[in-house]
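*Asks:* Please find work_32.pdb (PDB, N, CA and C atoms) on the next line:
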ATOM      1  N   MET A   1     199.639 237.915 171.770
ATOM      2  CA  MET A   1     200.310 237.410 170.596
ATOM      3  C   MET A   1     200.226 238.459 169.479
ATOM      4  N   ILE A   2     201.348 238.677 168.869
ATOM      5  CA  ILE A   2     201.423 239.620 167.752
ATOM      6  C   ILE A   2     201.022 238.894 166.474
ATOM      7  N   LEU A   3     200.063 239.461 165.763
ATOM      8  CA  LEU A   3     199.657 238.889 164.481
ATOM      9  C   LEU A   3     200.250 239.750 163.363
ATOM     10  N   VAL A   4     201.170 239.168 162.638
ATOM     11  CA  VAL A   4     201.825 239.899 161.550
ATOM     12  C   VAL A   4     200.798 240.341 160.519
ATOM     13  N   ARG A   5     199.813 239.483 160.230
ATOM     14  CA  ARG A   5     198.802 239.860 159.234
ATOM     15  C   ARG A   5     198.023 241.096 159.661
ATOM     16  N   GLN A   6     197.820 241.263 160.963
ATOM     17  CA  GLN A   6     197.119 242.455 161.464
ATOM     18  C   GLN A   6     197.968 243.703 161.241
ATOM     19  N   GLU A   7     199.250 243.596 161.516
ATOM     20  CA  GLU A   7     200.146 244.740 161.319
ATOM     21  C   GLU A   7     200.255 245.098 159.840
ATOM     22  N   ILE A   8     200.354 244.082 158.981
ATOM     23  CA  ILE A   8     200.403 244.340 157.538
ATOM     24  C   ILE A   8     199.128 245.055 157.100
ATOM     25  N   GLY A   9     197.991 244.573 157.552
ATOM     26  CA  GLY A   9     196.720 245.208 157.203
ATOM     27  C   GLY A   9     196.645 246.651 157.669
ATOM     28  N   ASP A  10     197.082 246.889 158.900
ATOM     29  CA  ASP A  10     197.062 248.257 159.434
ATOM     30  C   ASP A  10     197.962 249.183 158.616
ATOM     31  N   VAL A  11     199.139 248.684 158.245
ATOM     32  CA  VAL A  11     200.077 249.494 157.464
ATOM     33  C   VAL A  11     199.501 249.786 156.078
ATOM     34  N   LEU A  12     198.939 248.775 155.435
ATOM     35  CA  LEU A  12     198.341 248.991 154.114
ATOM     36  C   LEU A  12     197.217 250.021 154.187
ATOM     37  N   ARG A  13     196.363 249.895 155.199
ATOM     38  CA  ARG A  13     195.266 250.858 155.360
ATOM     39  C   ARG A  13     195.814 252.264 155.604
ATOM     40  N   ASP A  14     196.818 252.377 156.469
ATOM     41  CA  ASP A  14     197.389 253.694 156.762
ATOM     42  C   ASP A  14     197.959 254.345 155.499
ATOM     43  N   PHE A  15     198.707 253.578 154.709
ATOM     44  CA  PHE A  15     199.250 254.134 153.471
ATOM     45  C   PHE A  15     198.137 254.509 152.499
ATOM     46  N   ARG A  16     197.116 253.671 152.411
ATOM     47  CA  ARG A  16     195.997 253.971 151.507
ATOM     48  C   ARG A  16     195.317 255.275 151.904
ATOM     49  N   LEU A  17     195.076 255.430 153.194
ATOM     50  CA  LEU A  17     194.417 256.649 153.672
ATOM     51  C   LEU A  17     195.317 257.872 153.493
ATOM     52  N   GLN A  18     196.619 257.716 153.735
ATOM     53  CA  GLN A  18     197.559 258.820 153.515
ATOM     54  C   GLN A  18     197.539 259.280 152.069
ATOM     55  N   LYS A  19     197.342 258.328 151.158
ATOM     56  CA  LYS A  19     197.311 258.651 149.726
ATOM     57  C   LYS A  19     195.942 259.167 149.285
ATOM     58  N   GLY A  20     194.970 259.131 150.186
ATOM     59  CA  GLY A  20     193.628 259.616 149.867
ATOM     60  C   GLY A  20     192.893 258.721 148.876
ATOM     61  N   ARG A  21     193.174 257.427 148.919
ATOM     62  CA  ARG A  21     192.543 256.500 147.980
ATOM     63  C   ARG A  21     191.515 255.630 148.693
ATOM     64  N   THR A  22     190.490 255.268 147.958
ATOM     65  CA  THR A  22     189.478 254.385 148.515
ATOM     66  C   THR A  22     189.926 252.939 148.364
ATOM     67  N   LEU A  23     189.300 252.089 149.143
ATOM     68  CA  LEU A  23     189.565 250.657 149.053
ATOM     69  C   LEU A  23     189.261 250.171 147.637
ATOM     70  N   ARG A  24     188.186 250.664 147.070
ATOM     71  CA  ARG A  24     187.786 250.278 145.711
ATOM     72  C   ARG A  24     188.853 250.667 144.687
ATOM     73  N   GLN A  25     189.393 251.876 144.807
ATOM     74  CA  GLN A  25     190.423 252.336 143.866
ATOM     75  C   GLN A  25     191.665 251.452 143.925
ATOM     76  N   VAL A  26     192.120 251.161 145.124
ATOM     77  CA  VAL A  26     193.336 250.351 145.282
ATOM     78  C   VAL A  26     193.088 248.926 144.818
ATOM     79  N   ALA A  27     191.958 248.361 145.195
ATOM     80  CA  ALA A  27     191.640 246.991 144.776
ATOM     81  C   ALA A  27     191.592 246.895 143.258
ATOM     82  N   SER A  28     190.975 247.860 142.619
ATOM     83  CA  SER A  28     190.867 247.857 141.163
ATOM     84  C   SER A  28     192.240 247.959 140.509
ATOM     85  N   LYS A  29     193.046 248.905 140.971
ATOM     86  CA  LYS A  29     194.370 249.107 140.385
ATOM     87  C   LYS A  29     195.282 247.904 140.627
ATOM     88  N   ALA A  30     195.110 247.233 141.761
ATOM     89  CA  ALA A  30     195.939 246.080 142.107
ATOM     90  C   ALA A  30     195.380 244.771 141.541
ATOM     91  N   SER A  31     194.212 244.842 140.917
ATOM     92  CA  SER A  31     193.530 243.640 140.396
ATOM     93  C   SER A  31     193.283 242.616 141.503
ATOM     94  N   VAL A  32     192.776 243.116 142.621
ATOM     95  CA  VAL A  32     192.463 242.294 143.780
ATOM     96  C   VAL A  32     190.985 242.515 144.094
ATOM     97  N   ALA A  33     190.292 241.467 144.492
ATOM     98  CA  ALA A  33     188.886 241.599 144.853
ATOM     99  C   ALA A  33     188.739 242.566 146.030
ATOM    100  N   LEU A  34     187.767 243.439 145.938
ATOM    101  CA  LEU A  34     187.515 244.446 146.975
ATOM    102  C   LEU A  34     187.337 243.802 148.344
ATOM    103  N   GLY A  35     186.513 242.763 148.420
ATOM    104  CA  GLY A  35     186.262 242.091 149.694
ATOM    105  C   GLY A  35     187.515 241.467 150.278
ATOM    106  N   TYR A  36     188.338 240.909 149.407
ATOM    107  CA  TYR A  36     189.578 240.287 149.873
ATOM    108  C   TYR A  36     190.526 241.338 150.439
ATOM    109  N   LEU A  37     190.682 242.446 149.719
ATOM    110  CA  LEU A  37     191.565 243.511 150.209
ATOM    111  C   LEU A  37     191.048 244.067 151.530
ATOM    112  N   SER A  38     189.757 244.187 151.658
ATOM    113  CA  SER A  38     189.168 244.646 152.913
ATOM    114  C   SER A  38     189.522 243.689 154.055
ATOM    115  N   GLU A  39     189.437 242.386 153.788
ATOM    116  CA  GLU A  39     189.791 241.406 154.814
ATOM    117  C   GLU A  39     191.272 241.451 155.156
ATOM    118  N   VAL A  40     192.119 241.700 154.160
ATOM    119  CA  VAL A  40     193.558 241.844 154.409
ATOM    120  C   VAL A  40     193.793 243.055 155.305
ATOM    121  N   GLU A  41     193.174 244.174 154.988
ATOM    122  CA  GLU A  41     193.359 245.382 155.804
ATOM    123  C   GLU A  41     192.877 245.192 157.234
ATOM    124  N   ARG A  42     191.861 244.380 157.436
ATOM    125  CA  ARG A  42     191.333 244.132 158.780
ATOM    126  C   ARG A  42     192.071 243.005 159.500
ATOM    127  N   GLY A  43     193.086 242.430 158.831
ATOM    128  CA  GLY A  43     193.881 241.369 159.451
ATOM    129  C   GLY A  43     193.176 240.038 159.503
ATOM    130  N   GLN A  44     192.124 239.876 158.704
ATOM    131  CA  GLN A  44     191.373 238.621 158.701
ATOM    132  C   GLN A  44     191.934 237.614 157.699
ATOM    133  N   LYS A  45     192.633 238.097 156.692
ATOM    134  CA  LYS A  45     193.234 237.234 155.674
ATOM    135  C   LYS A  45     194.703 237.567 155.542
ATOM    136  N   GLU A  46     195.483 236.550 155.214
ATOM    137  CA  GLU A  46     196.903 236.757 154.933
ATOM    138  C   GLU A  46     197.070 236.964 153.438
ATOM    139  N   ALA A  47     197.831 237.960 153.078
ATOM    140  CA  ALA A  47     198.073 238.244 151.665
ATOM    141  C   ALA A  47     199.357 237.560 151.215
ATOM    142  N   SER A  48     199.332 237.029 150.015
ATOM    143  CA  SER A  48     200.544 236.446 149.439
ATOM    144  C   SER A  48     201.515 237.563 149.099
ATOM    145  N   SER A  49     202.746 237.179 148.840
ATOM    146  CA  SER A  49     203.734 238.190 148.449
ATOM    147  C   SER A  49     203.341 238.853 147.134
ATOM    148  N   GLU A  50     202.693 238.115 146.252
ATOM    149  CA  GLU A  50     202.243 238.687 144.981
ATOM    150  C   GLU A  50     201.162 239.743 145.201
ATOM    151  N   ILE A  51     200.222 239.440 146.098
ATOM    152  CA  ILE A  51     199.156 240.408 146.413
ATOM    153  C   ILE A  51     199.761 241.644 147.067
ATOM    154  N   LEU A  52     200.681 241.445 148.013
ATOM    155  CA  LEU A  52     201.326 242.581 148.665
ATOM    156  C   LEU A  52     202.054 243.457 147.650
ATOM    157  N   ALA A  53     202.740 242.824 146.708
ATOM    158  CA  ALA A  53     203.456 243.581 145.682
ATOM    159  C   ALA A  53     202.479 244.367 144.808
ATOM    160  N   SER A  54     201.357 243.768 144.452
ATOM    161  CA  SER A  54     200.354 244.455 143.629
ATOM    162  C   SER A  54     199.739 245.637 144.367
ATOM    163  N   VAL A  55     199.446 245.445 145.632
ATOM    164  CA  VAL A  55     198.854 246.532 146.424
ATOM    165  C   VAL A  55     199.877 247.645 146.626
ATOM    166  N   ALA A  56     201.115 247.289 146.912
ATOM    167  CA  ALA A  56     202.166 248.300 147.070
ATOM    168  C   ALA A  56     202.300 249.119 145.794
ATOM    169  N   GLU A  57     202.287 248.458 144.657
ATOM    170  CA  GLU A  57     202.390 249.170 143.379
ATOM    171  C   GLU A  57     201.177 250.075 143.172
ATOM    172  N   ALA A  58     200.002 249.579 143.524
ATOM    173  CA  ALA A  58     198.787 250.388 143.386
ATOM    174  C   ALA A  58     198.822 251.621 144.282
ATOM    175  N   LEU A  59     199.524 251.500 145.407
ATOM    176  CA  LEU A  59     199.653 252.630 146.338
ATOM    177  C   LEU A  59     200.845 253.531 146.012
ATOM    178  N   ASP A  60     201.651 253.131 145.034
ATOM    179  CA  ASP A  60     202.876 253.857 144.695
ATOM    180  C   ASP A  60     203.813 253.954 145.892
ATOM    181  N   VAL A  61     203.918 252.848 146.615
ATOM    182  CA  VAL A  61     204.797 252.756 147.785
ATOM    183  C   VAL A  61     205.664 251.512 147.596
ATOM    184  N   PRO A  62     206.978 251.645 147.721
ATOM    185  CA  PRO A  62     207.829 250.450 147.598
ATOM    186  C   PRO A  62     207.455 249.414 148.654
ATOM    187  N   ILE A  63     207.439 248.163 148.252
ATOM    188  CA  ILE A  63     207.098 247.107 149.206
ATOM    189  C   ILE A  63     208.087 247.098 150.373
ATOM    190  N   SER A  64     209.335 247.505 150.117
ATOM    191  CA  SER A  64     210.325 247.562 151.202
ATOM    192  C   SER A  64     209.901 248.575 152.259
ATOM    193  N   THR A  65     209.280 249.661 151.846
ATOM    194  CA  THR A  65     208.797 250.672 152.792
ATOM    195  C   THR A  65     207.660 250.110 153.632
ATOM    196  N   ILE A  66     206.777 249.385 152.984
ATOM    197  CA  ILE A  66     205.660 248.768 153.711
ATOM    198  C   ILE A  66     206.179 247.759 154.723
ATOM    199  N   MET A  67     207.100 246.909 154.296
ATOM    200  CA  MET A  67     207.603 245.883 155.200
ATOM    201  C   MET A  67     208.438 246.477 156.329
ATOM    202  N   ARG A  68     209.151 247.547 156.037
ATOM    203  CA  ARG A  68     209.932 248.210 157.097
ATOM    204  C   ARG A  68     208.996 248.786 158.158
ATOM    205  N   GLU A  69     207.907 249.392 157.721
ATOM    206  CA  GLU A  69     206.929 249.942 158.668
ATOM    207  C   GLU A  69     206.313 248.818 159.500
ATOM    208  N   VAL A  70     206.003 247.703 158.863
ATOM    209  CA  VAL A  70     205.474 246.551 159.599
ATOM    210  C   VAL A  70     206.496 246.107 160.650
ATOM    211  N   GLY A  71     207.751 245.983 160.252
ATOM    212  CA  GLY A  71     208.794 245.573 161.181
ATOM    213  C   GLY A  71     208.966 246.542 162.338
ATOM    214  N   ASP A  72     208.901 247.838 162.036
ATOM    215  CA  ASP A  72     209.025 248.844 163.089
ATOM    216  C   ASP A  72     207.868 248.744 164.087
ATOM    217  N   ARG A  73     206.669 248.533 163.577
ATOM    218  CA  ARG A  73     205.503 248.418 164.465
ATOM    219  C   ARG A  73     205.605 247.166 165.336
ATOM    220  N   ILE A  74     206.066 246.078 164.750
ATOM    221  CA  ILE A  74     206.223 244.850 165.536
ATOM    222  C   ILE A  74     207.296 245.037 166.600
ATOM    223  N   SER A  75     208.372 245.751 166.273
ATOM    224  CA  SER A  75     209.419 246.036 167.261
ATOM    225  C   SER A  75     208.843 246.785 168.450
ATOM    226  N   VAL A  76     207.993 247.744 168.188
ATOM    227  CA  VAL A  76     207.360 248.504 169.272
ATOM    228  C   VAL A  76     206.479 247.577 170.111
ATOM    229  N   LEU A  77     205.699 246.731 169.451
ATOM    230  CA  LEU A  77     204.833 245.798 170.180
ATOM    231  C   LEU A  77     205.637 244.810 171.014
ATOM    232  N   GLU A  78     206.825 244.470 170.551
ATOM    233  CA  GLU A  78     207.689 243.555 171.291
ATOM    234  C   GLU A  78     208.410 244.262 172.440
ATOM    235  N   GLY A  79     208.245 245.565 172.511
ATOM    236  CA  GLY A  79     208.855 246.308 173.603
ATOM    237  C   GLY A  79     210.259 246.786 173.335
ATOM    238  N   LEU A  80     210.692 246.732 172.089
ATOM    239  CA  LEU A  80     212.020 247.240 171.765
ATOM    240  C   LEU A  80     211.949 248.759 171.669
ATOM    241  N   SER A  81     212.850 249.426 172.362
ATOM    242  CA  SER A  81     212.810 250.888 172.348
ATOM    243  C   SER A  81     213.436 251.465 171.085
ATOM    244  N   THR A  82     214.338 250.715 170.484
ATOM    245  CA  THR A  82     214.955 251.164 169.231
ATOM    246  C   THR A  82     215.062 249.980 168.301
ATOM    247  N   PHE A  83     215.168 250.274 167.033
ATOM    248  CA  PHE A  83     215.355 249.215 166.057
ATOM    249  C   PHE A  83     216.488 249.629 165.145
ATOM    250  N   PRO A  84     217.309 248.663 164.740
ATOM    251  CA  PRO A  84     218.483 248.995 163.941
ATOM    252  C   PRO A  84     218.122 249.494 162.552
ATOM    253  N   ASP A  85     218.926 250.411 162.045
ATOM    254  CA  ASP A  85     218.760 250.920 160.694
ATOM    255  C   ASP A  85     219.729 250.262 159.724
ATOM    256  N   VAL A  86     220.532 249.338 160.232
ATOM    257  CA  VAL A  86     221.526 248.665 159.391
ATOM    258  C   VAL A  86     221.433 247.166 159.609
ATOM    259  N   VAL A  87     221.989 246.438 158.690
ATOM    260  CA  VAL A  87     222.069 244.996 158.829
ATOM    261  C   VAL A  87     223.113 244.697 159.902
ATOM    262  N   PRO A  88     222.779 243.846 160.883
ATOM    263  CA  PRO A  88     223.751 243.528 161.929
ATOM    264  C   PRO A  88     225.030 242.927 161.339
ATOM    265  N   ASP A  89     226.186 243.267 161.941
ATOM    266  CA  ASP A  89     227.480 242.811 161.433
ATOM    267  C   ASP A  89     227.585 241.294 161.342
ATOM    268  N   ASP A  90     227.009 240.588 162.325
ATOM    269  CA  ASP A  90     227.104 239.126 162.276
ATOM    270  C   ASP A  90     226.315 238.562 161.102
ATOM    271  N   LEU A  91     225.233 239.212 160.724
ATOM    272  CA  LEU A  91     224.475 238.774 159.558
ATOM    273  C   LEU A  91     225.225 239.095 158.272
ATOM    274  N   VAL A  92     225.827 240.274 158.213
ATOM    275  CA  VAL A  92     226.619 240.658 157.038
ATOM    276  C   VAL A  92     227.753 239.666 156.830
ATOM    277  N   ALA A  93     228.405 239.276 157.924
ATOM    278  CA  ALA A  93     229.528 238.347 157.821
ATOM    279  C   ALA A  93     229.082 237.001 157.264
ATOM    280  N   SER A  94     227.843 236.608 157.533
ATOM    281  CA  SER A  94     227.387 235.317 157.053
ATOM    282  C   SER A  94     226.894 235.342 155.613
ATOM    283  N   VAL A  95     226.519 236.525 155.092
ATOM    284  CA  VAL A  95     226.012 236.588 153.721
ATOM    285  C   VAL A  95     226.917 237.350 152.767
ATOM    286  N   GLY A  96     227.832 238.112 153.287
ATOM    287  CA  GLY A  96     228.786 238.814 152.418
ATOM    288  C   GLY A  96     228.734 240.312 152.600
ATOM    289  N   PRO A  97     229.841 240.978 152.355
ATOM    290  CA  PRO A  97     229.944 242.424 152.587
ATOM    291  C   PRO A  97     229.112 243.255 151.621
ATOM    292  N   GLU A  98     228.684 242.693 150.502
ATOM    293  CA  GLU A  98     227.926 243.496 149.523
ATOM    294  C   GLU A  98     226.573 243.935 150.072
ATOM    295  N   LEU A  99     226.105 243.301 151.152
ATOM    296  CA  LEU A  99     224.830 243.686 151.756
ATOM    297  C   LEU A  99     224.987 244.724 152.860
ATOM    298  N   SER A 100     226.195 245.061 153.186
ATOM    299  CA  SER A 100     226.441 245.998 154.277
ATOM    300  C   SER A 100     225.903 247.376 153.942
ATOM    301  N   LEU A 101     225.313 247.985 154.954
ATOM    302  CA  LEU A 101     224.814 249.361 154.810
ATOM    303  C   LEU A 101     225.750 250.365 155.460
ATOM    304  N   HIS A 102     226.921 249.894 155.895
ATOM    305  CA  HIS A 102     227.890 250.774 156.557
ATOM    306  C   HIS A 102     228.627 251.595 155.533
TER     307      HIS A 102
END
Hey, can you dump this file as structure tokens for me?
*Replies:*
Amino acid sequence: MILVRQEIGDVLRDFRLQKGRTLRQVASKASVALGYLSEVERGQKEASSEILASVAEALDVPISTIMREVGDRISVLEGLSTFPDVVPDDLVASVGPELSLH
């Protein structure tokens, strides 16, 4: 079973390490308890969208980038060899052409 919270935690940790920041630095800047952020990174706790947004801002990474990486990792775990870079046409047709990436 794929745990989305585990993938989110792994992605957050990877971005934090890429930025050369400590857990303490990110937690402080995001106004999140150090222990809680540690549990989120280890996939033990689910973070709210507000917490994710605060951590993304503390990492100077757009939340869309974080979520895209999570989605890409889940696609790999699901065995998909490729993942689309655009919104599928049937989805665009149901929500309107303004969302099209074509």
*Asks:* Might you pull out every residue within 7 Å of Ser54 (chain A), with all atoms listed in the file counted and same-chain residues fewer than 6 positions away left off, and present them as a list in words?
*Replies:*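 Here the qualifying residues turn out to be Lys29, Ala30 and Ser31 of chain A.
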*Asks:* Write to file, as a PDB file, in the coordinates of the input, the residues of the selection just made, with N, CA and C atoms.
*Replies:*
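Contents of result_27.pdb, freshly written:
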ATOM      1  N   LYS A  29     193.046 248.905 140.971  1.00  0.00           N
ATOM      2  CA  LYS A  29     194.370 249.107 140.385  1.00  0.00           C
ATOM      3  C   LYS A  29     195.282 247.904 140.627  1.00  0.00           C
ATOM      4  N   ALA A  30     195.110 247.233 141.761  1.00  0.00           N
ATOM      5  CA  ALA A  30     195.939 246.080 142.107  1.00  0.00           C
ATOM      6  C   ALA A  30     195.380 244.771 141.541  1.00  0.00           C
ATOM      7  N   SER A  31     194.212 244.842 140.917  1.00  0.00           N
ATOM      8  CA  SER A  31     193.530 243.640 140.396  1.00  0.00           C
ATOM      9  C   SER A  31     193.283 242.616 141.503  1.00  0.00           C
TER      10      SER A  31
END
*Asks:* Got a sec to resolve the PyMOL selection byres (((chain A and resi 42 and name CA) around 9) and name CA) on this structure and send the residues as a CSV table (one decimal) with N, CA and C atoms, in the coordinates of the input?
*Replies:*
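And here is the file that came out, expr.csv:
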chain,number,residue,atom,x,y,z
A,5,ARG,N,199.8,239.5,160.2
A,5,ARG,CA,198.8,239.9,159.2
A,5,ARG,C,198.0,241.1,159.7
A,6,GLN,N,197.8,241.3,161.0
A,6,GLN,CA,197.1,242.5,161.5
A,6,GLN,C,198.0,243.7,161.2
A,9,GLY,N,198.0,244.6,157.6
A,9,GLY,CA,196.7,245.2,157.2
A,9,GLY,C,196.6,246.7,157.7
A,10,ASP,N,197.1,246.9,158.9
A,10,ASP,CA,197.1,248.3,159.4
A,10,ASP,C,198.0,249.2,158.6
A,13,ARG,N,196.4,249.9,155.2
A,13,ARG,CA,195.3,250.9,155.4
A,13,ARG,C,195.8,252.3,155.6
A,37,LEU,N,190.7,242.4,149.7
A,37,LEU,CA,191.6,243.5,150.2
A,37,LEU,C,191.0,244.1,151.5
A,38,SER,N,189.8,244.2,151.7
A,38,SER,CA,189.2,244.6,152.9
A,38,SER,C,189.5,243.7,154.1
A,39,GLU,N,189.4,242.4,153.8
A,39,GLU,CA,189.8,241.4,154.8
A,39,GLU,C,191.3,241.5,155.2
A,40,VAL,N,192.1,241.7,154.2
A,40,VAL,CA,193.6,241.8,154.4
A,40,VAL,C,193.8,243.1,155.3
A,41,GLU,N,193.2,244.2,155.0
A,41,GLU,CA,193.4,245.4,155.8
A,41,GLU,C,192.9,245.2,157.2
A,43,GLY,N,193.1,242.4,158.8
A,43,GLY,CA,193.9,241.4,159.5
A,43,GLY,C,193.2,240.0,159.5
A,44,GLN,N,192.1,239.9,158.7
A,44,GLN,CA,191.4,238.6,158.7
A,44,GLN,C,191.9,237.6,157.7
A,45,LYS,N,192.6,238.1,156.7
A,45,LYS,CA,193.2,237.2,155.7
A,45,LYS,C,194.7,237.6,155.5
*Asks:* May I have all residues of region 32-69 of chain A that DSSP, computed from the backbone, assigns to alpha helix (DSSP H), given as a list in words?
*Replies:*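 Taking region 32-69 of chain A and keeping alpha helix (DSSP H) gives Leu34, Gly35, Tyr36, Leu37, Ser38, Glu39, Val40, Glu41, Ser49, Glu50, Ile51, Leu52, Ala53, Ser54, Val55, Ala56, Glu57, Ala58, Leu59, Ile63, Ser64, Thr65, Ile66, Met67, Arg68 and Glu69 of chain A.
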*Asks:* Between atom N of Arg68 (chain A) and CA of Tyr36 (chain A), what is the distance, to one decimal in Å?
*Replies:*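 Atom-to-atom, atom N of Arg68 (chain A) and CA of Tyr36 (chain A) are spaced 21.8 Å apart.
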*Asks:* Residues near Asp60 (chain A), anyone? I mean within 10 Å using only C-alpha atoms, not counting same-chain ones fewer than 3 positions away, as a list in words.
*Replies:*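 Non-adjacent residues within range: Phe15, Arg16, Lys19, Ser54, Val55, Ala56, Glu57 and Ile63 of chain A.
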*Asks:* Restricting the calculation to only C-alpha atoms, which member of A:Ala58, A:Ile51, A:Ile8, A:Leu3 is positioned closest to Thr22 (chain A)?
*Replies:*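 Among the listed residues, the smallest separation from Thr22 (chain A) belongs to A:Ala58.
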*Asks:* Edge lengths and centre in Å to one decimal, as AutoDock Vina command-line options, is what I'm after for the box along x, y and z that holds all listed atoms of region 37-55 of chain A once 6 Å is added on each side.
*Replies:*
--center_x 196.5 --center_y 242.0 --center_z 151.6 --size_x 26.6 --size_y 23.2 --size_z 27.9
*Asks:* When you draw a straight line from CA of Val11 (chain A) to atom C of Val70 (chain A), how long is it in Å?
*Replies:*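 Going from CA of Val11 (chain A) over to atom C of Val70 (chain A), I get 7.9 Å.
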*Asks:* Work out how far apart CA of Ser48 (chain A) and CA of Met1 (chain A) are and give it in Å to one decimal.
*Replies:*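 Atom-to-atom, CA of Ser48 (chain A) and CA of Met1 (chain A) are spaced 21.2 Å apart.
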